[in-house]
>>> print(open('run-v9.txt').read())   # compact mmCIF, C-alpha atoms
# COMPACT_ATOMS: atom_id res chain seq x y z
CA MET U 1 -14.57 41.32 -34.24
CA SER U 2 -11.96 40.85 -31.53
CA GLU U 3 -13.98 41.99 -28.50
CA PRO U 4 -17.63 41.12 -29.20
CA LEU U 5 -20.20 41.83 -26.51
CA VAL U 6 -22.16 38.58 -26.19
CA LEU U 7 -25.07 37.55 -23.98
CA GLY U 8 -25.35 33.82 -23.21
CA ILE U 9 -28.45 31.97 -22.05
CA GLU U 10 -28.36 28.55 -20.36
CA SER U 11 -31.54 26.62 -19.49
CA SER U 12 -30.71 22.95 -20.05
CA CYS U 13 -31.80 21.73 -16.60
CA ASP U 14 -32.83 23.50 -13.39
CA GLU U 15 -30.70 26.65 -13.55
CA THR U 16 -31.63 29.72 -15.58
CA GLY U 17 -28.25 31.22 -16.36
CA VAL U 18 -27.50 34.49 -18.15
CA GLY U 19 -23.93 35.63 -18.68
CA ILE U 20 -22.42 38.55 -20.55
CA VAL U 21 -18.85 38.67 -21.83
CA ARG U 22 -16.85 41.20 -23.79
CA GLY U 23 -14.33 39.25 -25.82
CA ARG U 24 -12.72 37.13 -23.13
CA THR U 25 -13.70 39.30 -20.18
CA LEU U 26 -16.59 38.18 -18.00
CA LEU U 27 -18.91 41.06 -17.13
CA THR U 28 -21.60 39.18 -15.24
CA ASN U 29 -22.82 35.68 -14.49
CA THR U 30 -26.41 35.60 -13.22
CA VAL U 31 -27.95 32.29 -12.14
CA SER U 32 -31.50 31.63 -10.94
CA SER U 33 -31.99 28.09 -9.66
CA SER U 34 -35.23 26.17 -9.20
CA MET U 35 -33.49 23.58 -7.01
CA ASP U 36 -35.66 24.26 -3.97
CA GLU U 37 -38.78 23.44 -6.00
CA HIS U 38 -37.48 19.94 -6.71
CA VAL U 39 -36.54 18.98 -3.14
CA ARG U 40 -39.84 17.27 -2.31
CA PHE U 41 -39.55 15.12 -5.45
CA GLY U 42 -35.98 13.99 -4.71
CA GLY U 43 -34.75 15.10 -8.13
CA VAL U 44 -35.38 17.41 -11.06
CA VAL U 45 -38.91 17.29 -12.48
CA PRO U 46 -38.75 18.48 -16.13
CA GLU U 47 -42.15 20.22 -16.12
CA VAL U 48 -41.36 22.06 -12.88
CA ALA U 49 -37.99 23.13 -14.28
CA SER U 50 -39.55 24.39 -17.51
CA ARG U 51 -42.14 26.50 -15.69
CA ALA U 52 -39.43 27.94 -13.45
CA HIS U 53 -37.40 28.94 -16.52
CA VAL U 54 -40.42 30.74 -17.99
CA GLN U 55 -40.76 32.77 -14.79
CA ALA U 56 -37.03 33.46 -14.36
CA ILE U 57 -35.74 34.13 -17.86
CA GLY U 58 -36.95 37.72 -18.26
CA PRO U 59 -35.81 38.97 -14.84
CA ALA U 60 -32.49 37.13 -15.26
CA ILE U 61 -31.75 38.89 -18.56
CA ALA U 62 -32.70 42.27 -17.10
CA SER U 63 -30.58 41.65 -13.99
CA ALA U 64 -27.57 40.59 -16.07
CA CYS U 65 -27.76 43.74 -18.19
CA ASP U 66 -27.99 45.88 -15.05
CA GLN U 67 -25.01 44.17 -13.45
CA ALA U 68 -22.93 44.50 -16.62
CA ASP U 69 -24.10 48.11 -17.04
CA ILE U 70 -25.12 47.57 -20.66
CA ALA U 71 -28.30 47.87 -22.70
CA LEU U 72 -29.60 45.09 -24.93
CA SER U 73 -28.99 47.39 -27.89
CA ASP U 74 -25.25 47.34 -27.07
CA LEU U 75 -24.97 43.59 -27.77
CA ASP U 76 -23.10 42.25 -30.78
CA ALA U 77 -24.48 38.70 -30.58
CA ILE U 78 -26.50 36.24 -28.51
CA ALA U 79 -25.65 32.62 -27.68
CA VAL U 80 -27.93 30.00 -26.20
CA THR U 81 -27.67 26.37 -25.16
CA ALA U 82 -29.42 24.36 -27.90
CA GLY U 83 -28.68 20.98 -26.30
CA PRO U 84 -28.22 18.50 -24.81
CA GLY U 85 -30.62 18.79 -21.90
CA LEU U 86 -34.28 18.62 -20.93
CA SER U 87 -36.42 19.37 -23.97
CA GLY U 88 -38.90 21.70 -22.30
CA ALA U 89 -36.22 23.56 -20.39
CA LEU U 90 -34.11 24.01 -23.52
CA MET U 91 -37.08 25.36 -25.47
CA VAL U 92 -37.59 28.17 -22.97
CA GLY U 93 -34.03 29.43 -23.38
CA VAL U 94 -33.98 28.92 -27.14
CA GLY U 95 -37.31 30.70 -27.51
CA ALA U 96 -36.16 33.67 -25.45
CA ALA U 97 -32.89 33.89 -27.38
CA LYS U 98 -34.67 33.77 -30.74
CA GLY U 99 -37.07 36.49 -29.65
CA LEU U 100 -34.22 38.74 -28.56
CA ALA U 101 -32.19 38.07 -31.69
CA ALA U 102 -35.13 38.80 -33.98
CA ALA U 103 -36.15 41.94 -32.10
CA LEU U 104 -32.61 43.33 -31.95
CA ASN U 105 -31.56 42.05 -35.39
CA LEU U 106 -28.56 40.27 -33.87
CA PRO U 107 -26.75 37.07 -34.88
CA LEU U 108 -27.73 34.08 -32.76
CA TYR U 109 -25.52 31.08 -31.96
CA GLY U 110 -27.15 27.86 -30.77
CA VAL U 111 -24.32 26.06 -28.99
CA ASN U 112 -23.54 22.75 -27.35
CA HIS U 113 -23.86 22.64 -23.56
CA LEU U 114 -20.92 20.25 -23.14
CA ALA U 115 -18.55 22.27 -25.33
CA ALA U 116 -19.55 25.36 -23.36
CA HIS U 117 -18.42 23.70 -20.12
CA VAL U 118 -14.92 23.51 -21.58
CA ALA U 119 -15.04 26.95 -23.23
CA VAL U 120 -15.62 28.60 -19.85
CA ASP U 121 -11.84 28.62 -19.31
CA LEU U 122 -11.64 31.29 -22.01
CA ILE U 123 -13.06 33.78 -19.51
CA ALA U 124 -11.81 32.43 -16.17
CA ASP U 125 -9.73 35.15 -14.52
CA ASP U 126 -7.26 32.74 -12.92
CA ILE U 127 -5.92 31.32 -16.19
CA ASP U 128 -5.01 32.57 -19.66
CA GLY U 129 -7.29 30.63 -21.97
CA ILE U 130 -7.83 26.93 -22.62
CA THR U 131 -5.01 24.41 -22.59
CA THR U 132 -5.35 22.00 -25.52
CA PRO U 133 -5.23 19.18 -26.18
CA THR U 134 -6.98 18.16 -22.98
CA ILE U 135 -9.15 15.41 -21.62
CA ALA U 136 -12.37 16.81 -20.15
CA LEU U 137 -14.32 15.00 -17.44
CA LEU U 138 -17.82 16.48 -17.26
CA VAL U 139 -19.92 15.21 -14.36
CA SER U 140 -23.36 16.48 -13.38
CA GLY U 141 -26.90 15.38 -12.68
CA GLY U 142 -27.56 14.88 -16.37
CA HIS U 143 -24.15 14.16 -17.87
CA THR U 144 -21.12 11.99 -17.26
CA GLU U 145 -18.71 12.12 -20.19
CA ILE U 146 -15.04 11.93 -21.00
CA LEU U 147 -14.12 14.12 -23.97
CA ARG U 148 -10.94 14.65 -25.97
CA ILE U 149 -10.62 18.34 -26.75
CA GLY U 150 -8.29 19.30 -29.59
CA ASP U 151 -10.09 22.58 -30.19
CA VAL U 152 -13.20 23.82 -28.40
CA VAL U 153 -14.88 24.86 -31.65
CA ASP U 154 -14.07 22.17 -34.19
CA ASP U 155 -12.24 19.23 -32.61
CA ILE U 156 -14.21 17.53 -29.81
CA GLU U 157 -14.49 13.76 -29.52
CA LEU U 158 -16.64 11.75 -27.15
CA ILE U 159 -14.43 9.06 -25.60
CA GLY U 160 -16.71 7.67 -22.91
CA ALA U 161 -20.12 8.21 -21.32
CA THR U 162 -22.54 6.62 -18.89
CA ILE U 163 -24.72 3.84 -20.27
CA ASP U 164 -27.42 4.43 -17.63
CA ASP U 165 -27.56 7.04 -14.87
CA ALA U 166 -25.32 10.07 -14.75
CA ALA U 167 -23.14 10.25 -11.64
CA GLY U 168 -25.10 13.18 -10.21
CA GLU U 169 -28.36 11.33 -10.81
CA ALA U 170 -26.98 8.31 -8.96
CA PHE U 171 -26.08 10.57 -6.03
CA ASP U 172 -29.61 12.00 -5.98
CA LYS U 173 -31.35 8.62 -6.07
CA THR U 174 -29.09 7.07 -3.45
CA ALA U 175 -29.46 10.09 -1.18
CA ARG U 176 -33.22 9.67 -1.28
CA LEU U 177 -32.78 5.97 -0.41
CA LEU U 178 -30.70 6.99 2.62
CA GLY U 179 -33.29 9.53 3.72
CA LEU U 180 -31.22 12.53 2.64
CA ASP U 181 -32.64 15.56 0.87
CA TYR U 182 -32.10 16.66 -2.72
CA PRO U 183 -29.61 17.64 -4.04
CA GLY U 184 -28.03 14.30 -3.28
CA GLY U 185 -24.38 15.00 -4.06
CA PRO U 186 -23.76 17.68 -1.43
CA ASN U 187 -25.78 15.81 1.21
CA ILE U 188 -24.02 12.51 0.61
CA SER U 189 -20.71 14.36 0.96
CA LYS U 190 -21.85 15.91 4.24
CA ALA U 191 -23.08 12.55 5.50
CA ALA U 192 -19.76 10.93 4.52
CA LEU U 193 -17.94 13.51 6.64
CA GLY U 194 -20.18 12.82 9.63
CA GLN U 195 -21.78 16.26 9.41
CA LEU U 196 -25.40 15.10 9.31
CA ASP U 197 -25.53 12.74 12.29
CA GLY U 198 -23.95 15.20 14.70
CA SER U 199 -20.90 13.03 15.26
CA GLU U 200 -18.44 14.89 13.04
CA VAL U 201 -16.81 11.47 12.62
CA PRO U 202 -16.20 10.67 8.93
CA GLY U 203 -17.67 7.49 7.56
CA ASP U 204 -15.53 4.44 6.91
CA ARG U 205 -15.11 4.24 3.13
CA SER U 206 -14.25 0.55 3.36
CA ALA U 207 -17.09 -0.51 5.68
CA VAL U 208 -19.31 -1.43 2.73
CA LYS U 209 -17.78 -2.98 -0.37
CA PHE U 210 -19.48 -1.21 -3.26
CA PRO U 211 -19.01 -2.43 -6.85
CA ARG U 212 -17.10 -0.43 -9.47
CA GLY U 213 -19.28 -0.46 -12.57
CA LEU U 214 -17.58 -1.46 -15.86
CA ALA U 215 -14.21 -1.41 -14.10
CA LYS U 216 -13.29 -5.09 -13.99
CA LYS U 217 -10.23 -6.21 -15.95
CA GLN U 218 -12.35 -7.62 -18.75
CA ASP U 219 -14.27 -4.33 -18.98
CA LEU U 220 -11.10 -2.30 -19.22
CA ARG U 221 -9.81 -4.57 -22.00
CA ASP U 222 -13.02 -4.11 -23.99
CA PRO U 223 -12.88 -1.00 -26.27
CA GLU U 224 -16.67 -0.66 -25.95
CA ARG U 225 -16.51 -0.54 -22.13
CA ARG U 226 -13.04 0.82 -21.35
CA TYR U 227 -14.09 4.46 -20.96
CA ASN U 228 -17.81 4.07 -20.30
CA PHE U 229 -19.59 4.26 -16.95
CA SER U 230 -22.47 2.44 -15.26
CA PHE U 231 -23.93 3.47 -11.91
CA SER U 232 -27.14 1.43 -11.82
CA GLY U 233 -25.47 -1.49 -10.04
CA LEU U 234 -24.08 0.88 -7.45
CA LYS U 235 -27.57 2.11 -6.57
CA THR U 236 -28.78 -1.49 -6.33
CA ALA U 237 -25.93 -2.30 -3.96
CA ALA U 238 -26.91 0.62 -1.72
CA LEU U 239 -30.53 -0.57 -1.71
CA ARG U 240 -29.39 -4.08 -0.82
CA GLU U 241 -27.40 -2.80 2.17
CA VAL U 242 -30.34 -0.76 3.47
CA THR U 243 -32.77 -3.66 3.00
CA LYS U 244 -30.41 -6.10 4.74
CA ALA U 245 -30.05 -3.80 7.73
CA GLU U 246 -33.82 -3.37 8.00
CA THR U 247 -34.43 -7.12 7.70
CA LEU U 248 -31.82 -8.08 10.28
CA GLY U 249 -32.55 -5.15 12.56
CA THR U 250 -28.89 -4.16 12.59
CA ASP U 251 -27.56 -0.64 12.99
CA LEU U 252 -26.67 1.02 9.74
CA ARG U 253 -24.46 4.07 9.92
CA VAL U 254 -25.46 6.35 7.08
CA ALA U 255 -22.01 7.97 7.16
CA ASP U 256 -20.37 4.65 6.26
CA LEU U 257 -22.77 3.97 3.39
CA ALA U 258 -22.43 7.52 2.08
CA ALA U 259 -18.64 7.43 2.28
CA GLY U 260 -18.41 4.06 0.52
CA PHE U 261 -20.85 5.08 -2.18
CA GLU U 262 -19.06 8.38 -2.82
CA ASP U 263 -15.70 6.62 -2.97
CA ALA U 264 -16.97 4.07 -5.50
CA VAL U 265 -18.29 6.79 -7.82
CA VAL U 266 -15.11 8.85 -7.55
CA ASP U 267 -12.83 5.84 -8.03
CA VAL U 268 -14.42 4.90 -11.35
CA LEU U 269 -14.55 8.50 -12.61
CA VAL U 270 -10.88 9.05 -11.88
CA THR U 271 -9.68 5.66 -13.10
CA LYS U 272 -11.35 5.97 -16.48
CA THR U 273 -10.33 9.58 -16.96
CA LEU U 274 -6.68 8.74 -16.39
CA LEU U 275 -6.98 5.74 -18.72
CA ALA U 276 -8.22 8.10 -21.44
CA ALA U 277 -5.35 10.49 -20.76
CA ALA U 278 -2.76 7.70 -20.91
CA ASP U 279 -4.22 6.10 -24.03
CA THR U 280 -4.37 9.39 -25.94
CA GLY U 281 -0.99 10.62 -24.70
CA ILE U 282 -2.59 13.80 -23.33
CA ASN U 283 -1.16 15.02 -20.03
CA HIS U 284 -3.83 17.57 -19.18
CA VAL U 285 -7.29 17.06 -17.64
CA VAL U 286 -10.07 19.58 -17.01
CA LEU U 287 -12.96 18.89 -14.65
CA GLY U 288 -16.39 20.45 -15.09
CA GLY U 289 -20.07 20.07 -14.18
CA GLY U 290 -21.95 20.32 -10.91
CA VAL U 291 -20.24 17.28 -9.37
CA ALA U 292 -16.94 19.15 -9.69
CA ALA U 293 -17.99 20.71 -6.37
CA ASN U 294 -17.48 17.33 -4.69
CA SER U 295 -14.40 17.73 -2.48
CA HIS U 296 -13.58 14.01 -2.50
CA LEU U 297 -13.58 13.95 -6.31
CA ARG U 298 -11.30 16.99 -6.50
CA GLU U 299 -8.96 15.54 -3.88
CA VAL U 300 -8.66 12.06 -5.40
CA LEU U 301 -8.45 13.32 -8.98
CA GLY U 302 -5.79 15.83 -7.96
CA THR U 303 -3.70 13.22 -6.15
CA ARG U 304 -3.89 10.61 -8.88
CA CYS U 305 -3.25 13.13 -11.66
CA ALA U 306 -0.12 14.28 -9.82
CA GLU U 307 1.04 10.68 -9.42
CA ALA U 308 0.53 10.09 -13.15
CA GLY U 309 2.28 13.31 -14.20
CA VAL U 310 -0.98 14.78 -15.52
CA ARG U 311 -1.88 18.44 -14.97
CA LEU U 312 -5.36 19.00 -13.58
CA ARG U 313 -7.43 22.08 -14.21
CA VAL U 314 -10.58 22.81 -12.18
CA PRO U 315 -12.21 26.14 -13.11
CA PRO U 316 -13.70 28.28 -10.31
CA LEU U 317 -16.68 26.39 -8.94
CA GLY U 318 -19.11 29.11 -9.98
CA LEU U 319 -18.09 28.43 -13.57
CA CYS U 320 -18.13 24.62 -13.27
CA THR U 321 -21.88 24.33 -12.75
CA ASP U 322 -24.42 25.21 -15.45
CA ASN U 323 -24.25 28.95 -16.17
CA GLY U 324 -24.80 31.50 -18.90
CA ALA U 325 -21.20 32.73 -18.77
CA MET U 326 -19.90 29.53 -20.36
CA VAL U 327 -22.45 29.86 -23.17
CA ALA U 328 -21.49 33.48 -23.75
CA ALA U 329 -17.81 32.50 -23.75
CA LEU U 330 -18.32 29.91 -26.48
CA GLY U 331 -20.51 32.33 -28.44
CA SER U 332 -17.85 35.01 -28.21
CA GLU U 333 -15.21 32.60 -29.51
CA LEU U 334 -17.42 31.73 -32.48
CA VAL U 335 -17.89 35.43 -33.26
CA ARG U 336 -14.17 36.15 -32.88
CA ARG U 337 -13.38 33.44 -35.42
CA GLY U 338 -15.85 34.84 -37.92
CA ILE U 339 -18.04 31.72 -37.90
CA ALA U 340 -21.51 32.24 -39.35
CA PRO U 341 -24.39 32.24 -36.82
CA SER U 342 -27.17 29.67 -36.59
CA ASN U 343 -30.29 29.91 -38.71
CA LEU U 344 -33.17 31.17 -36.58
CA SER U 345 -35.11 28.01 -37.39
CA PHE U 346 -32.76 25.75 -35.40
CA PRO U 347 -34.45 23.47 -32.83
CA ALA U 348 -33.68 22.60 -29.23
CA VAL U 349 -32.00 19.18 -29.42
CA SER U 350 -32.20 17.23 -26.15
CA SER U 351 -29.69 14.58 -27.28
CA LEU U 352 -27.30 16.84 -29.20
CA ASP U 353 -24.01 15.08 -30.01
CA VAL U 354 -20.94 16.69 -28.50
CA ASP U 355 -19.17 17.12 -31.86
CA HIS U 356 -21.98 19.44 -33.01
CA VAL U 357 -20.69 22.56 -31.28
CA LEU U 358 -22.90 24.91 -33.30
CA VAL U 359 -26.48 24.07 -34.29
>>> encode(input="run-v9.txt", output="structure tokens")
Amino acid sequence: MSEPLVLGIESSCDETGVGIVRGRTLLTNTVSSSMDEHVRFGGVVPEVASRAHVQAIGPAIASACDQADIALSDLDAIAVTAGPGLSGALMVGVGAAKGLAAALNLPLYGVNHLAAHVAVDLIADDIDGITTPTIALLVSGGHTEILRIGDVVDDIELIGATIDDAAGEAFDKTARLLGLDYPGGPNISKAALGQLDGSEVPGDRSAVKFPRGLAKKQDLRDPERRYNFSFSGLKTAALREVTKAETLGTDLRVADLAAGFEDAVVDVLVTKTLLAAADTGINHVVLGGGVAANSHLREVLGTRCAEAGVRLRVPPLGLCTDNGAMVAALGSELVRRGIAPSNLSFPAVSSLDVDHVLV
């Protein structure tokens, strides 16, 4: 089947995403976010996210079908994120997808969330398919990984990952420490640009010397640490600066702290990604995940990729964050290749390994 009509469901965290594609053409990408419900907690609360998915999943599917001008009976297949992600949130999407597949007698593909982030380039209208091999840097509130992609269906290798907090999680926790609202990433970026204190004067990225986790020379020589990340020490450093200012009664410019923190995160992400590219001999990098919206990350990664002779690909921002379109895109590719669907008994797997593209 060269042009399968596939509906994709994504519910791994706080966004209920439903996308519909025909072959490699995106028909609709509907996203319902529960972000506002998590603001008072300073981060995503799994139970709150799960309940929000239950409320949003039905209307999101109906809205997607309306926008794509199709009926559920027109579908050729359904794809759903089976993992990794929050267990309760995943189960809502998987349950809905199984119900639809059983009722409509359609093949169902339980797919890997991380592989789907890369597969989204199959349907991006500003590029003709995925460039492989490529190094993928996926950065979000729940994930920070470097992947080697030989083929989006059957050749994905995890090169590096965070050993503690994801980068987006570190942004959220540090933002709360600085008195900034959730989501932390966008607000730290605004603070770093001087947009939250009314000054419009960007923070000094060198005013506070933040550590670069697992980026010392001995770390980079160690195969077990060379591509991995750690952001826990960075959060501790931010706490130490705030505590010191409170103890001494000195002025602390939030813009400076935010700018230095953001720069430290970005520096490590970019450095390790380019190390992976150089070591594998791959001259192409793709950026994905919610933190791809960070302008400083895009700017620094773009500059340093150009200096290293590496081509950088950043999909449209609406396709970088969690969405159903990327799930539908990967599902469509599996159908196009004639790969057998998942058994309806497959579980939601919160810690699904990246090399398990299909569950």
>>> residues_around(input="run-v9.txt", residues="stretch 248-263 of chain U", least_positions_apart="4", cutoff="8 Å", atoms="all atoms listed in the file", output="list in words")
Leu178, Ile188, Ser189, Ala191, Ala192, Leu193, Gly194, Asp197, Pro202, Gly203, Asp204, Arg205, Ser206, Ala207, Val208, Lys209, Phe210, Leu234, Ala238, Val242, Lys244, Asp267 and His296 of chain U
>>> write_last_selection(input="run-v9.txt", atoms="C-alpha atoms", output="PDB file, in the frame of the given file")
ATOM      1  CA  LEU U 178     -30.700   6.990   2.620  1.00  0.00           C
ATOM      2  CA  ILE U 188     -24.020  12.510   0.610  1.00  0.00           C
ATOM      3  CA  SER U 189     -20.710  14.360   0.960  1.00  0.00           C
ATOM      4  CA  ALA U 191     -23.080  12.550   5.500  1.00  0.00           C
ATOM      5  CA  ALA U 192     -19.760  10.930   4.520  1.00  0.00           C
ATOM      6  CA  LEU U 193     -17.940  13.510   6.640  1.00  0.00           C
ATOM      7  CA  GLY U 194     -20.180  12.820   9.630  1.00  0.00           C
ATOM      8  CA  ASP U 197     -25.530  12.740  12.290  1.00  0.00           C
ATOM      9  CA  PRO U 202     -16.200  10.670   8.930  1.00  0.00           C
ATOM     10  CA  GLY U 203     -17.670   7.490   7.560  1.00  0.00           C
ATOM     11  CA  ASP U 204     -15.530   4.440   6.910  1.00  0.00           C
ATOM     12  CA  ARG U 205     -15.110   4.240   3.130  1.00  0.00           C
ATOM     13  CA  SER U 206     -14.250   0.550   3.360  1.00  0.00           C
ATOM     14  CA  ALA U 207     -17.090  -0.510   5.680  1.00  0.00           C
ATOM     15  CA  VAL U 208     -19.310  -1.430   2.730  1.00  0.00           C
ATOM     16  CA  LYS U 209     -17.780  -2.980  -0.370  1.00  0.00           C
ATOM     17  CA  PHE U 210     -19.480  -1.210  -3.260  1.00  0.00           C
ATOM     18  CA  LEU U 234     -24.080   0.880  -7.450  1.00  0.00           C
ATOM     19  CA  ALA U 238     -26.910   0.620  -1.720  1.00  0.00           C
ATOM     20  CA  VAL U 242     -30.340  -0.760   3.470  1.00  0.00           C
ATOM     21  CA  LYS U 244     -30.410  -6.100   4.740  1.00  0.00           C
ATOM     22  CA  ASP U 267     -12.830   5.840  -8.030  1.00  0.00           C
ATOM     23  CA  HIS U 296     -13.580  14.010  -2.500  1.00  0.00           C
TER      24      HIS U 296
END
>>> atom_distance(input="run-v9.txt", atom1="atom CA of U:Val92", atom2="atom CA of U:Glu15")
11.8 Å
>>> residues_around(input="run-v9.txt", residues="U:Ile61", least_positions_apart="4", cutoff="7 Å", atoms="all atoms listed in the file", output="VMD selection string")
chain U and resid 18 57 65
>>> atom_distance(input="run-v9.txt", atom1="atom CA of U:Asp128", atom2="atom CA of U:Leu27")
16.5 Å
>>> atom_distance(input="run-v9.txt", atom1="atom CA of U:Thr30", atom2="atom CA of U:Ala119")
17.4 Å
>>> closest_residue(input="run-v9.txt", among="U:Val54, U:Leu158, U:Ile78, U:Ala71", to="U:Leu352", atoms="only C-alpha atoms")
U:Leu158
>>> closest_residue(input="run-v9.txt", among="U:Asp76, U:Asp121, U:Glu145, U:Asp353", to="U:Gly168", atoms="only C-alpha atoms")
U:Glu145
>>> residues_near_point(input="run-v9.txt", point="(-15.8, 34.9, -34.1)", cutoff="12 Å", atoms="only C-alpha atoms", output="PyMOL selection string")
chain U and resi 1-6+23-24+76-77+79+107+109+153+328-341
>>> closest_residue(input="run-v9.txt", among="U:Arg212, U:His38, U:Lys98, U:His117", to="U:Ser345", atoms="all atoms listed in the file")
U:Lys98
>>> residues_around(input="run-v9.txt", residues="U:Lys216", least_positions_apart="5", cutoff="10 Å", atoms="all atoms listed in the file", output="PyMOL selection string")
chain U and resi 211+221+225-226
>>> closest_residue(input="run-v9.txt", among="U:Gly58, U:Ile9, U:Leu104, U:Val265", to="U:Asp165", atoms="all atoms listed in the file")
U:Val265
>>> closest_residue(input="run-v9.txt", among="U:Glu200, U:Asp181, U:Asp322, U:Glu307", to="U:Val31", atoms="all atoms listed in the file")
U:Asp322
>>> build_atoms(input="run-v9.txt", residues="stretch 317-323 of chain U", atoms="all heavy atoms", output="short mmCIF file (atom, residue, chain, number, x, y, z; two decimals), in the frame of the given file")
data_model
loop_
_atom_site.label_atom_id
_atom_site.label_comp_id
_atom_site.auth_asym_id
_atom_site.auth_seq_id
_atom_site.Cartn_x
_atom_site.Cartn_y
_atom_site.Cartn_z
N LEU U 317 -15.47 27.20 -9.06
CA LEU U 317 -16.68 26.39 -8.94
C LEU U 317 -17.92 27.07 -9.51
O LEU U 317 -18.82 26.41 -10.02
CB LEU U 317 -16.91 26.02 -7.47
CG LEU U 317 -15.90 25.02 -6.89
CD1 LEU U 317 -16.25 24.68 -5.45
CD2 LEU U 317 -15.83 23.76 -7.74
N GLY U 318 -17.98 28.39 -9.42
CA GLY U 318 -19.11 29.11 -9.98
C GLY U 318 -19.21 28.99 -11.48
O GLY U 318 -20.27 29.22 -12.07
N LEU U 319 -18.11 28.61 -12.12
CA LEU U 319 -18.09 28.43 -13.57
C LEU U 319 -18.13 26.95 -13.96
O LEU U 319 -18.20 26.64 -15.14
CB LEU U 319 -16.85 29.10 -14.18
CG LEU U 319 -16.76 30.61 -14.02
CD1 LEU U 319 -15.47 31.15 -14.65
CD2 LEU U 319 -17.98 31.31 -14.64
N CYS U 320 -18.06 26.06 -12.98
CA CYS U 320 -18.13 24.62 -13.27
C CYS U 320 -19.58 24.18 -13.47
O CYS U 320 -19.89 23.36 -14.33
CB CYS U 320 -17.52 23.81 -12.13
SG CYS U 320 -15.72 23.80 -12.11
N THR U 321 -20.47 24.71 -12.65
CA THR U 321 -21.88 24.33 -12.75
C THR U 321 -22.52 25.02 -13.95
O THR U 321 -21.92 25.89 -14.57
CB THR U 321 -22.63 24.73 -11.46
OG1 THR U 321 -22.44 26.14 -11.24
CG2 THR U 321 -22.08 23.97 -10.28
N ASP U 322 -23.74 24.63 -14.29
CA ASP U 322 -24.42 25.21 -15.45
C ASP U 322 -24.57 26.72 -15.25
O ASP U 322 -25.04 27.18 -14.21
CB ASP U 322 -25.81 24.59 -15.62
CG ASP U 322 -25.75 23.13 -16.01
OD1 ASP U 322 -24.64 22.64 -16.34
OD2 ASP U 322 -26.80 22.47 -15.98
N ASN U 323 -24.18 27.49 -16.28
CA ASN U 323 -24.25 28.95 -16.17
C ASN U 323 -24.24 29.59 -17.56
O ASN U 323 -23.81 28.98 -18.54
CB ASN U 323 -23.08 29.48 -15.33
CG ASN U 323 -21.73 29.16 -15.96
OD1 ASN U 323 -21.25 29.88 -16.82
ND2 ASN U 323 -21.11 28.05 -15.54
#
